[in-house]
>>> print(open('structure-v8.csv').read())   # CSV, C-alpha atoms
chain,number,residue,atom,x,y,z
K,1215,MET,CA,0.0,0.0,0.0
K,1216,SER,CA,1.3,3.4,-0.8
K,1217,ARG,CA,2.3,5.9,1.8
K,1218,THR,CA,-0.3,8.4,0.6
K,1219,ALA,CA,-3.1,5.8,1.1
K,1220,LEU,CA,-1.8,5.0,4.6
K,1221,ALA,CA,-1.6,8.7,5.4
K,1222,ALA,CA,-5.1,9.2,4.1
K,1223,ILE,CA,-6.4,6.4,6.3
K,1224,ASN,CA,-4.5,7.6,9.3
K,1225,SER,CA,-5.6,11.2,8.9
K,1226,THR,CA,-9.2,10.1,8.4
K,1227,SER,CA,-9.2,7.8,11.4
K,1228,GLU,CA,-7.5,10.5,13.5
K,1229,THR,CA,-10.2,13.0,12.6
K,1230,THR,CA,-13.0,10.6,13.3
K,1231,ARG,CA,-11.6,9.4,16.6
K,1232,PRO,CA,-13.2,11.2,19.5
K,1233,THR,CA,-10.9,13.1,21.7
K,1234,ALA,CA,-11.4,13.2,25.5
K,1235,ALA,CA,-13.2,16.5,25.1
K,1236,ARG,CA,-15.5,15.1,22.4
K,1237,LYS,CA,-16.3,12.0,24.5
K,1238,SER,CA,-17.3,14.1,27.4
K,1239,GLN,CA,-19.4,16.3,25.2
K,1240,THR,CA,-21.2,13.6,23.2
K,1241,GLY,CA,-20.8,10.4,25.2
K,1242,PRO,CA,-20.1,6.8,24.2
K,1243,ALA,CA,-22.3,7.1,21.1
K,1244,ALA,CA,-19.6,9.3,19.3
K,1245,HIS,CA,-16.9,6.7,20.1
K,1246,HIS,CA,-19.1,3.9,18.7
K,1247,GLU,CA,-19.8,5.9,15.6
K,1248,ALA,CA,-16.1,6.6,15.1
K,1249,ARG,CA,-15.3,2.9,15.3
K,1250,GLY,CA,-18.0,2.3,12.7
K,1251,ILE,CA,-16.4,4.7,10.3
K,1252,GLU,CA,-13.0,3.1,10.8
K,1253,ASP,CA,-14.5,-0.3,10.2
K,1254,LEU,CA,-16.2,0.9,7.0
K,1255,LEU,CA,-12.9,2.3,5.8
K,1256,LEU,CA,-11.0,-0.9,6.5
K,1257,ASP,CA,-13.7,-3.0,5.0
K,1258,GLY,CA,-13.7,-0.9,1.8
K,1259,LEU,CA,-9.9,-1.1,1.6
K,1260,ALA,CA,-10.0,-4.9,2.1
K,1261,ASP,CA,-12.6,-5.2,-0.6
K,1262,ARG,CA,-10.5,-3.3,-3.1
K,1263,VAL,CA,-7.4,-5.3,-2.2
K,1264,ALA,CA,-9.3,-8.6,-2.7
K,1265,ALA,CA,-10.8,-7.4,-6.0
K,1266,ARG,CA,-7.3,-6.5,-7.3
K,1267,ILE,CA,-5.9,-9.9,-6.2
K,1268,LEU,CA,-8.8,-11.7,-7.9
K,1269,GLU,CA,-8.2,-9.6,-11.0
K,1270,ARG,CA,-4.6,-10.5,-11.2
K,1271,LEU,CA,-5.3,-14.2,-10.6
K,1272,GLY,CA,-7.8,-14.1,-13.4
K,1273,GLU,CA,-5.2,-12.7,-15.8
K,1274,THR,CA,-2.9,-15.6,-15.2
K,1275,GLU,CA,-5.6,-18.3,-15.3
K,1276,CYS,CA,-7.3,-17.0,-18.5
K,1277,SER,CA,-4.4,-17.9,-20.7
K,1278,PRO,CA,-3.1,-21.4,-19.7
K,1279,LYS,CA,0.0,-22.6,-21.6
K,1280,ARG,CA,-0.6,-25.2,-24.3
K,1281,LEU,CA,3.0,-26.3,-24.6
K,1282,LEU,CA,4.8,-27.4,-21.4
K,1283,THR,CA,8.5,-28.1,-20.7
K,1284,MET,CA,9.5,-31.6,-19.7
K,1285,GLU,CA,9.5,-30.5,-16.0
K,1286,GLN,CA,6.1,-28.9,-16.3
K,1287,ALA,CA,4.6,-31.8,-18.1
K,1288,ALA,CA,6.0,-34.3,-15.6
K,1289,GLU,CA,4.4,-32.3,-12.8
K,1290,TYR,CA,1.2,-32.1,-14.8
K,1291,LEU,CA,1.1,-35.9,-15.0
K,1292,GLY,CA,2.3,-36.4,-11.5
K,1293,ARG,CA,5.3,-38.4,-12.7
K,1294,SER,CA,9.0,-38.0,-12.5
K,1295,ARG,CA,11.0,-36.3,-15.3
K,1296,GLU,CA,12.8,-39.6,-16.0
K,1297,SER,CA,9.5,-41.4,-16.2
K,1298,LEU,CA,8.2,-38.9,-18.7
K,1299,GLN,CA,11.4,-39.1,-20.7
K,1300,HIS,CA,10.9,-42.9,-21.0
K,1301,LEU,CA,7.3,-42.3,-22.3
K,1302,VAL,CA,8.7,-39.8,-24.9
K,1303,SER,CA,11.6,-42.0,-26.0
K,1304,SER,CA,9.3,-45.0,-26.4
K,1305,GLY,CA,6.9,-43.0,-28.6
K,1306,LYS,CA,4.0,-43.1,-26.2
K,1307,VAL,CA,3.8,-39.3,-25.9
K,1308,PRO,CA,4.6,-37.1,-28.9
K,1309,THR,CA,6.7,-34.0,-28.5
K,1310,VAL,CA,7.0,-30.5,-30.2
K,1311,ARG,CA,10.5,-29.6,-31.0
K,1312,SER,CA,11.7,-26.0,-31.5
K,1313,ASP,CA,15.4,-25.8,-32.2
K,1314,ARG,CA,17.0,-27.7,-29.3
K,1315,ARG,CA,14.0,-27.3,-26.9
K,1316,VAL,CA,11.5,-30.0,-26.3
K,1317,PHE,CA,7.8,-29.3,-25.4
K,1318,LEU,CA,4.8,-31.4,-24.8
K,1319,ASP,CA,1.3,-30.4,-25.9
K,1320,VAL,CA,-1.2,-30.4,-23.0
K,1321,ARG,CA,-3.8,-32.0,-25.4
K,1322,ASP,CA,-1.4,-34.9,-26.1
K,1323,LEU,CA,-0.9,-35.4,-22.3
K,1324,ASP,CA,-4.7,-35.3,-21.8
K,1325,GLU,CA,-5.1,-37.9,-24.6
K,1326,TRP,CA,-2.5,-40.1,-23.0
K,1327,ILE,CA,-4.4,-39.9,-19.7
K,1328,GLU,CA,-7.6,-40.9,-21.5
K,1329,VAL,CA,-6.1,-43.8,-23.4
K,1330,ASN,CA,-4.5,-45.2,-20.2
K,1331,LYS,CA,-7.5,-45.0,-18.0
K,1332,VAL,CA,-8.7,-48.4,-16.7
K,1333,ARG,CA,-11.8,-49.3,-14.8
K,1334,GLY,CA,-11.4,-51.4,-11.7
K,1335,ILE,CA,-8.1,-52.2,-10.1
>>> encode(input="structure-v8.csv", output="structure tokens")
Amino acid sequence: MSRTALAAINSTSETTRPTAARKSQTGPAAHHEARGIEDLLLDGLADRVAARILERLGETECSPKRLLTMEQAAEYLGRSRESLQHLVSSGKVPTVRSDRRVFLDVRDLDEWIEVNKVRGI
């Protein structure tokens, strides 16, 4: 949070906090009202922070990668990297090669999962 936002909250809460003189003039109701304003400010701030976090999470989840590295694909399948390399070298899972880099298509991994499903153990 920026310093200006904190300063604004602090200055607002300081002006809404009843001083001893105000308390004696208006009683406990003014103190209760001031706490209500502080709570409203904090709730509003929390809502804005939560909305911004959800917005940023949405940005990353909206565009999932189609091509994965060997490490990412192994994690996706829940297998070791060596186990995935064995599947690739035996031709059970196709790869996408770009220069010297090797990628695996998520659709191919999903197809491999579907083909290897068995009912009953």
>>> atom_distance(input="structure-v8.csv", atom1="CA of Val1316 in chain K", atom2="CA of Leu1282 in chain K")
8.7 Å
>>> closest_residue(input="structure-v8.csv", among="K:Glu1269, K:Glu1285, K:Glu1252, K:Glu1247", to="Phe1317 in chain K", atoms="all atoms listed in the file")
K:Glu1285
>>> residues_near_point(input="structure-v8.csv", point="(-1.0, -26.2, -28.0)", cutoff="12 Å", atoms="only C-alpha atoms", output="list of chain:residue names")
K:Ser1277, K:Pro1278, K:Lys1279, K:Arg1280, K:Leu1281, K:Leu1282, K:Thr1309, K:Val1310, K:Phe1317, K:Leu1318, K:Asp1319, K:Val1320, K:Arg1321, K:Asp1322, K:Leu1323, K:Asp1324
>>> residues_around(input="structure-v8.csv", residues="Glu1296 in chain K", least_positions_apart="6", cutoff="12 Å", atoms="all atoms listed in the file", output="list of chain:residue names")
K:Met1284, K:Glu1285, K:Ala1287, K:Ala1288, K:Glu1289, K:Val1302, K:Ser1303
>>> atom_distance(input="structure-v8.csv", atom1="CA of Arg1315 in chain K", atom2="CA of Thr1283 in chain K")
8.3 Å
>>> closest_residue(input="structure-v8.csv", among="K:Val1307, K:Leu1268, K:Gly1258, K:Arg1314", to="Val1329 in chain K", atoms="only C-alpha atoms")
K:Val1307
>>> atom_distance(input="structure-v8.csv", atom1="CA of Ser1297 in chain K", atom2="CA of Glu1325 in chain K")
17.2 Å
